[in-house]
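Chemist: Coordinates in model-v6.json, JSON, C-alpha atoms and all ligand atoms, are listed below.
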[["chain", "number", "residue", "atom", "x", "y", "z"],
["A", 855, "MET", "CA", 0.00, 0.00, 0.00],
["A", 856, "MET", "CA", 2.77, 2.44, 0.96],
["A", 857, "ALA", "CA", 4.66, 1.56, -2.21],
["A", 858, "ARG", "CA", 1.52, 2.37, -4.20],
["A", 859, "VAL", "CA", 1.13, 5.77, -2.48],
["A", 860, "ARG", "CA", 4.80, 6.50, -3.09],
["A", 861, "ARG", "CA", 4.45, 5.57, -6.76],
["A", 862, "VAL", "CA", 1.39, 7.79, -7.25],
["A", 863, "LEU", "CA", 3.09, 10.66, -5.41],
["A", 864, "PHE", "CA", 6.17, 10.27, -7.62],
["A", 865, "MET", "CA", 3.99, 10.33, -10.74],
["A", 866, "ILE", "CA", 2.20, 13.52, -9.62],
["A", 867, "ILE", "CA", 5.44, 15.33, -8.79],
["A", 868, "ALA", "CA", 7.17, 14.10, -11.96],
["A", 869, "GLY", "CA", 4.10, 15.15, -13.99],
["A", 870, "LEU", "CA", 4.07, 18.65, -12.48],
["A", 871, "SER", "CA", 7.81, 18.84, -13.04],
["A", 872, "LEU", "CA", 7.28, 17.93, -16.69],
["A", 873, "LEU", "CA", 4.63, 20.69, -17.10],
["A", 874, "LEU", "CA", 6.98, 23.19, -15.45],
["A", 875, "PHE", "CA", 9.80, 22.04, -17.76],
["A", 876, "MET", "CA", 7.63, 22.63, -20.84],
["A", 877, "ALA", "CA", 6.58, 26.08, -19.57],
["A", 878, "ILE", "CA", 10.22, 27.06, -18.96],
["A", 879, "VAL", "CA", 11.24, 25.85, -22.43],
["A", 880, "ALA", "CA", 8.37, 27.89, -23.96],
["A", 881, "VAL", "CA", 9.47, 31.09, -22.18],
["A", 882, "TRP", "CA", 13.09, 30.24, -23.02],
["A", 883, "ILE", "CA", 12.31, 30.10, -26.75],
["A", 884, "ARG", "CA", 10.17, 33.25, -26.45],
["A", 885, "SER", "CA", 13.09, 35.14, -24.88],
["A", 886, "PHE", "CA", 14.98, 35.01, -28.21],
["A", 887, "PHE", "CA", 12.17, 36.81, -30.03],
["A", 888, "VAL", "CA", 10.44, 38.97, -27.44],
["A", 889, "ARG", "CA", 11.76, 40.90, -24.46],
["A", 890, "ASP", "CA", 9.47, 40.81, -21.43],
["A", 891, "ILE", "CA", 10.00, 43.31, -18.65],
["A", 892, "VAL", "CA", 8.24, 43.23, -15.30],
["A", 893, "SER", "CA", 8.93, 45.82, -12.63],
["A", 894, "TYR", "CA", 7.48, 46.40, -9.20],
["A", 895, "VAL", "CA", 8.37, 47.80, -5.80],
["A", 896, "SER", "CA", 8.44, 45.30, -2.96],
["A", 897, "LYS", "CA", 7.01, 46.04, 0.52],
["A", 898, "ASN", "CA", 10.36, 47.23, 1.89],
["A", 899, "GLY", "CA", 10.56, 49.89, -0.83],
["A", 900, "ASN", "CA", 13.10, 48.18, -3.08],
["A", 901, "ALA", "CA", 12.37, 48.32, -6.79],
["A", 902, "ARG", "CA", 12.81, 45.14, -8.83],
["A", 903, "LEU", "CA", 13.27, 44.95, -12.56],
["A", 904, "ILE", "CA", 12.89, 41.51, -14.12],
["A", 905, "GLN", "CA", 13.80, 41.08, -17.74],
["A", 906, "SER", "CA", 13.59, 37.99, -19.92],
["A", 907, "ILE", "CA", 15.97, 38.26, -22.84],
["A", 908, "ARG", "CA", 18.25, 36.09, -25.00],
["A", 909, "GLY", "CA", 17.82, 32.86, -23.03],
["A", 910, "ARG", "CA", 18.21, 34.42, -19.60],
["A", 911, "VAL", "CA", 16.28, 36.14, -16.82],
["A", 912, "HIS", "CA", 17.91, 39.27, -15.43],
["A", 913, "ILE", "CA", 16.78, 40.67, -12.10],
["A", 914, "ILE", "CA", 18.02, 43.99, -10.79],
["A", 915, "ILE", "CA", 17.07, 44.80, -7.20],
["A", 916, "ASP", "CA", 17.58, 48.21, -5.59],
["A", 917, "LEU", "CA", 18.79, 47.76, -2.03],
["A", 918, "ASP", "CA", 18.42, 51.28, -0.58],
["A", 919, "GLY", "CA", 14.62, 51.29, -0.28],
["A", 920, "LYS", "CA", 12.59, 54.45, -0.93],
["A", 921, "SER", "CA", 11.88, 53.41, -4.50],
["A", 922, "SER", "CA", 8.63, 54.49, -6.06],
["A", 923, "GLY", "CA", 6.64, 53.20, -8.97],
["A", 924, "SER", "CA", 3.87, 50.75, -9.54],
["A", 925, "PHE", "CA", 3.70, 47.29, -11.03],
["A", 926, "SER", "CA", 4.29, 47.34, -14.75],
["A", 927, "HIS", "CA", 4.76, 44.89, -17.58],
["A", 928, "GLN", "CA", 5.93, 45.62, -21.06],
["A", 929, "GLU", "CA", 7.14, 43.59, -23.97],
["A", 930, "ASP", "CA", 8.76, 44.38, -27.27],
["A", 931, "ARG", "CA", 10.10, 42.44, -30.19],
["A", 932, "LEU", "CA", 13.77, 41.77, -29.75],
["A", 933, "ALA", "CA", 15.96, 43.44, -32.34],
["A", 934, "PRO", "CA", 18.46, 41.10, -34.05],
["A", 935, "ASP", "CA", 21.36, 43.18, -32.72],
["A", 936, "ALA", "CA", 20.10, 43.32, -29.12],
["A", 937, "ILE", "CA", 22.88, 42.72, -26.62],
["A", 938, "TRP", "CA", 22.74, 40.60, -23.48],
["A", 939, "ASN", "CA", 21.38, 43.32, -21.22],
["A", 940, "GLY", "CA", 19.11, 44.83, -23.87],
["A", 941, "GLY", "CA", 21.25, 47.94, -23.90],
["A", 942, "MET", "CA", 19.94, 49.03, -20.52],
["A", 943, "SER", "CA", 21.96, 51.05, -18.06],
["A", 944, "GLY", "CA", 22.12, 50.19, -14.41],
["A", 945, "TYR", "CA", 24.23, 47.05, -14.71],
["A", 946, "PRO", "CA", 27.49, 46.63, -12.80],
["A", 947, "MET", "CA", 30.70, 47.71, -14.52],
["A", 948, "LYS", "CA", 32.11, 44.20, -14.29],
["A", 949, "VAL", "CA", 29.65, 41.32, -14.25],
["A", 950, "GLU", "CA", 30.81, 38.26, -12.32],
["A", 951, "TRP", "CA", 29.64, 35.11, -14.08],
["A", 952, "HIS", "CA", 29.38, 31.69, -12.48],
["A", 953, "MET", "CA", 28.56, 29.15, -15.20],
["A", 954, "GLY", "CA", 26.18, 31.61, -16.82],
["A", 955, "HIS", "CA", 24.67, 32.67, -13.48],
["A", 956, "VAL", "CA", 25.13, 36.00, -11.69],
["A", 957, "TRP", "CA", 24.47, 36.84, -8.02],
["A", 958, "GLN", "CA", 26.24, 40.11, -7.48],
["A", 959, "ARG", "CA", 25.93, 43.09, -5.16],
["A", 960, "TYR", "CA", 27.30, 46.33, -6.53],
["A", 961, "SER", "CA", 27.22, 50.10, -6.14],
["A", 962, "ARG", "CA", 26.72, 52.75, -8.74],
["A", 963, "LEU", "CA", 28.09, 56.24, -8.61],
["A", 964, "HIS", "CA", 25.74, 58.98, -9.77],
["A", 965, "ILE", "CA", 26.93, 62.42, -10.78],
["A", 966, "THR", "CA", 24.66, 65.23, -11.85],
["A", 967, "LEU", "CA", 25.58, 66.67, -15.20],
["A", 968, "ALA", "CA", 24.72, 70.24, -14.18],
["A", 969, "PRO", "CA", 28.01, 72.18, -14.16],
["A", 970, "SER", "CA", 27.84, 73.71, -10.69],
["A", 971, "PRO", "CA", 30.46, 74.00, -7.95],
["A", 972, "GLY", "CA", 30.45, 71.05, -5.60],
["A", 973, "MET", "CA", 28.77, 68.75, -8.09],
["A", 974, "PRO", "CA", 26.57, 66.44, -6.06],
["A", 975, "ARG", "CA", 27.45, 62.80, -6.35],
["A", 976, "TRP", "CA", 25.89, 59.85, -4.58],
["A", 977, "THR", "CA", 25.97, 56.09, -4.75],
["A", 978, "THR", "CA", 23.15, 53.57, -4.81],
["A", 979, "ASN", "CA", 23.35, 49.85, -4.00],
["A", 980, "HIS", "CA", 21.90, 47.08, -6.14],
["A", 981, "ARG", "CA", 21.94, 43.38, -6.70],
["A", 982, "LEU", "CA", 22.06, 41.73, -10.10],
["A", 983, "ILE", "CA", 20.77, 38.18, -10.49],
["A", 984, "VAL", "CA", 21.01, 36.42, -13.83],
["A", 985, "ILE", "CA", 19.54, 32.96, -14.34],
["A", 986, "PRO", "CA", 19.97, 31.18, -17.68],
["A", 987, "TYR", "CA", 16.82, 29.23, -18.61],
["A", 988, "TRP", "CA", 18.77, 25.99, -19.09],
["A", 989, "SER", "CA", 19.44, 25.85, -15.38],
["A", 990, "PRO", "CA", 15.84, 25.58, -14.03],
["A", 991, "ALA", "CA", 14.91, 23.55, -17.14],
["A", 992, "LEU", "CA", 17.59, 21.01, -16.24],
["A", 993, "LEU", "CA", 16.32, 20.79, -12.65],
["A", 994, "CYS", "CA", 12.74, 20.23, -13.82],
["A", 995, "ALA", "CA", 13.87, 17.57, -16.31],
["A", 996, "ILE", "CA", 15.41, 15.28, -13.67],
["A", 997, "LEU", "CA", 12.23, 13.62, -12.34],
["A", 998, "PRO", "CA", 10.53, 13.20, -15.76],
["A", 999, "THR", "CA", 13.75, 11.63, -17.09],
["A", 1000, "ILE", "CA", 13.81, 9.13, -14.21],
["A", 1001, "TRP", "CA", 10.11, 8.48, -14.86],
["A", 1002, "ILE", "CA", 10.63, 7.75, -18.59],
["A", 1003, "TRP", "CA", 13.81, 5.76, -17.91],
["A", 1004, "ARG", "CA", 11.96, 3.61, -15.35],
["A", 1005, "PHE", "CA", 9.08, 3.11, -17.78],
["A", 1006, "ILE", "CA", 11.41, 1.95, -20.57],
["A", 1007, "ASN", "CA", 13.41, -0.18, -18.14],
["A", 1008, "TYR", "CA", 10.22, -1.78, -16.76],
["A", 1009, "GLY", "CA", 9.05, -2.74, -20.24],
["A", 1010, "HIS", "CA", 12.48, -4.07, -21.19],
["A", 1011, "ARG", "CA", 12.79, -6.25, -18.06],
["A", 1012, "ARG", "CA", 9.27, -7.62, -18.58],
["A", 1013, "THR", "CA", 10.09, -8.43, -22.22],
["A", 1014, "ILE", "CA", 13.22, -10.41, -21.40],
["A", 1015, "GLY", "CA", 11.45, -12.21, -18.53],
["A", 1016, "HIS", "CA", 13.17, -10.49, -15.62],
["A", 1017, "CYS", "CA", 11.65, -8.98, -12.48],
["A", 1018, "PRO", "CA", 10.78, -5.33, -13.37],
["A", 1019, "ARG", "CA", 11.68, -4.24, -9.84],
["A", 1020, "CYS", "CA", 14.99, -5.96, -9.13],
["A", 1021, "ASN", "CA", 15.95, -7.53, -12.52],
["A", 1022, "TYR", "CA", 16.01, -11.08, -11.08],
["A", 1023, "ASP", "CA", 15.55, -13.78, -13.75],
["A", 1024, "LEU", "CA", 11.85, -14.83, -13.51],
["A", 1025, "ARG", "CA", 11.67, -17.35, -16.31],
["A", 1026, "ALA", "CA", 11.18, -20.13, -13.74],
["A", 1027, "THR", "CA", 8.62, -18.19, -11.62],
["A", 1028, "PRO", "CA", 6.88, -15.65, -13.90],
["A", 1029, "GLU", "CA", 4.11, -14.63, -11.44],
["A", 1030, "ARG", "CA", 6.20, -13.84, -8.42],
["A", 1031, "CYS", "CA", 9.76, -12.73, -7.76],
["A", 1032, "PRO", "CA", 11.48, -14.90, -5.10],
["A", 1033, "GLU", "CA", 14.13, -12.22, -4.68],
["A", 1034, "CYS", "CA", 12.10, -9.07, -3.85],
["A", 1035, "GLY", "CA", 8.49, -10.29, -3.56],
["A", 1036, "TRP", "CA", 7.19, -8.54, -6.70],
["A", 1037, "THR", "CA", 3.95, -10.09, -7.99],
["A", 1038, "GLU", "CA", 2.32, -9.87, -11.38],
["A", 1039, "PRO", "CA", -0.23, -7.02, -11.12],
["A", 1040, "ALA", "CA", -3.81, -8.17, -11.80],
["A", 1041, "SER", "CA", -4.82, -6.43, -15.02],
["B", 1101, "ZN", "ZN", 12.33, -8.90, -7.91]]
Let me see whether you can do it: turn the structure in this file into structure tokens.
Ligand SMILES: [Zn+2]
Modeler:
Amino acid sequence: MMARVRRVLFMIIAGLSLLLFMAIVAVWIRSFFVRDIVSYVSKNGNARLIQSIRGRVHIIIDLDGKSSGSFSHQEDRLAPDAIWNGGMSGYPMKVEWHMGHVWQRYSRLHITLAPSPGMPRWTTNHRLIVIPYWSPALLCAILPTIWIWRFINYGHRRTIGHCPRCNYDLRATPERCPECGWTEPAS
């Protein structure tokens, strides 16, 4: 009974994982043609800008609070010559990549262009997060792959007359496995 519950639970989670995988792949493909931008201000007053472009999600978070603005979403067709950050300012001078991922805190220096004595300058703090779509897609593909592999393996072991659970040779006892106790399911 427990084994049955475990099997059903595995199938549900693997099925959801497969749906998630397909959704990620769809957005992944979309990111090469369309740029999606979502921005909002979180409860602690930090603005977030989320951009899907060229196979990656870029998230810029302001860390100083006091941001203003409302939730917004926009999309535009990606130009063929669009660069990795969509040509947007506000990125760190030197981006630190870790296998295509970024998790980086950085400061930006702002200087007013008005030519006055004692030109005001100030810095703001931000975090850049970059996630390539292959990374969550890979994670979501693990369980469905195990599922399919098990399915193929099960069929193969049944075909050659072995126990589908433990691969013990069942040609002498086809209904029941003496090794692990597997029994032929009543169809
Ligand atoms: Zn067995």
Chemist: Could you list, as an NGL selection string, all protein and nucleic acid residues with an atom at most 12 Å from ligand ZN 1101 (chain B), counting only C-alpha atoms and all ligand atoms?
Modeler: :A and (1008 or 1011-1012 or 1015-1025 or 1027-1038)
Chemist: Find the residues near region 898-905 of chain A: any atom within 7 Å, counting only C-alpha atoms, skip ones fewer than 4 places away on the same chain, and give them as a ChimeraX atom specification.
Modeler: /A:890-894,911-921
Chemist: List as an MDAnalysis selection string the protein and nucleic acid residues near Val881 (chain A), meaning an atom at most 9 Å away when only C-alpha atoms are counted, but skip any in the same chain fewer than 4 places from it.
Modeler: chainID A and resid 876:877 885 906 909 987
Chemist: Take CA of Val949 (chain A) and CA of Ile996 (chain A) and report the distance between them in Å, one decimal.
Modeler: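 So the answer is 29.7 Å.
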Chemist: I'd like the interatomic distance between CA of Phe886 (chain A) and CA of Ile1000 (chain A), to a tenth of an Å.
Modeler: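 Going from CA of Phe886 (chain A) over to CA of Ile1000 (chain A), I get 29.4 Å.
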Chemist: Choose the residue, out of A:Ile907, A:Ile1002, A:Cys994, A:Ile965, that has the smallest atom-to-atom separation from Arg884 (chain A); count all atoms listed in the file.
Modeler: A:Ile907
Chemist: Go ahead and compute the interatomic distance for CA of Gly944 (chain A) and CA of Pro990 (chain A), in Å to one decimal.
Modeler: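 Between CA of Gly944 (chain A) and CA of Pro990 (chain A) the gap is 25.4 Å.
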Chemist: So, with all atoms listed in the file as the atoms that count, which of A:Met856, A:Val895, A:Leu870, A:Ser943 lies closest to Ser926 (chain A)?
Modeler: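 Nearest to Ser926 (chain A): A:Val895.
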Chemist: Near Pro998 (chain A), counting only C-alpha atoms, which residues have an atom at most 8 Å away, once you skip same-chain residues fewer than 6 positions from it, shown as a PDB file with C-alpha atoms, in the frame of the given file?
Modeler:
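Saved the output as around01.pdb:
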ATOM      1  CA  ALA A 868       7.170  14.100 -11.960  1.00  0.00           C
ATOM      2  CA  GLY A 869       4.100  15.150 -13.990  1.00  0.00           C
ATOM      3  CA  SER A 871       7.810  18.840 -13.040  1.00  0.00           C
ATOM      4  CA  LEU A 872       7.280  17.930 -16.690  1.00  0.00           C
TER       5      LEU A 872
END
Chemist: Could you check which of A:Gly972, A:Ile985, A:Arg889, A:Lys897 is closest to His927 (chain A), using only C-alpha atoms?
Modeler: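 Nearest to His927 (chain A): A:Arg889.
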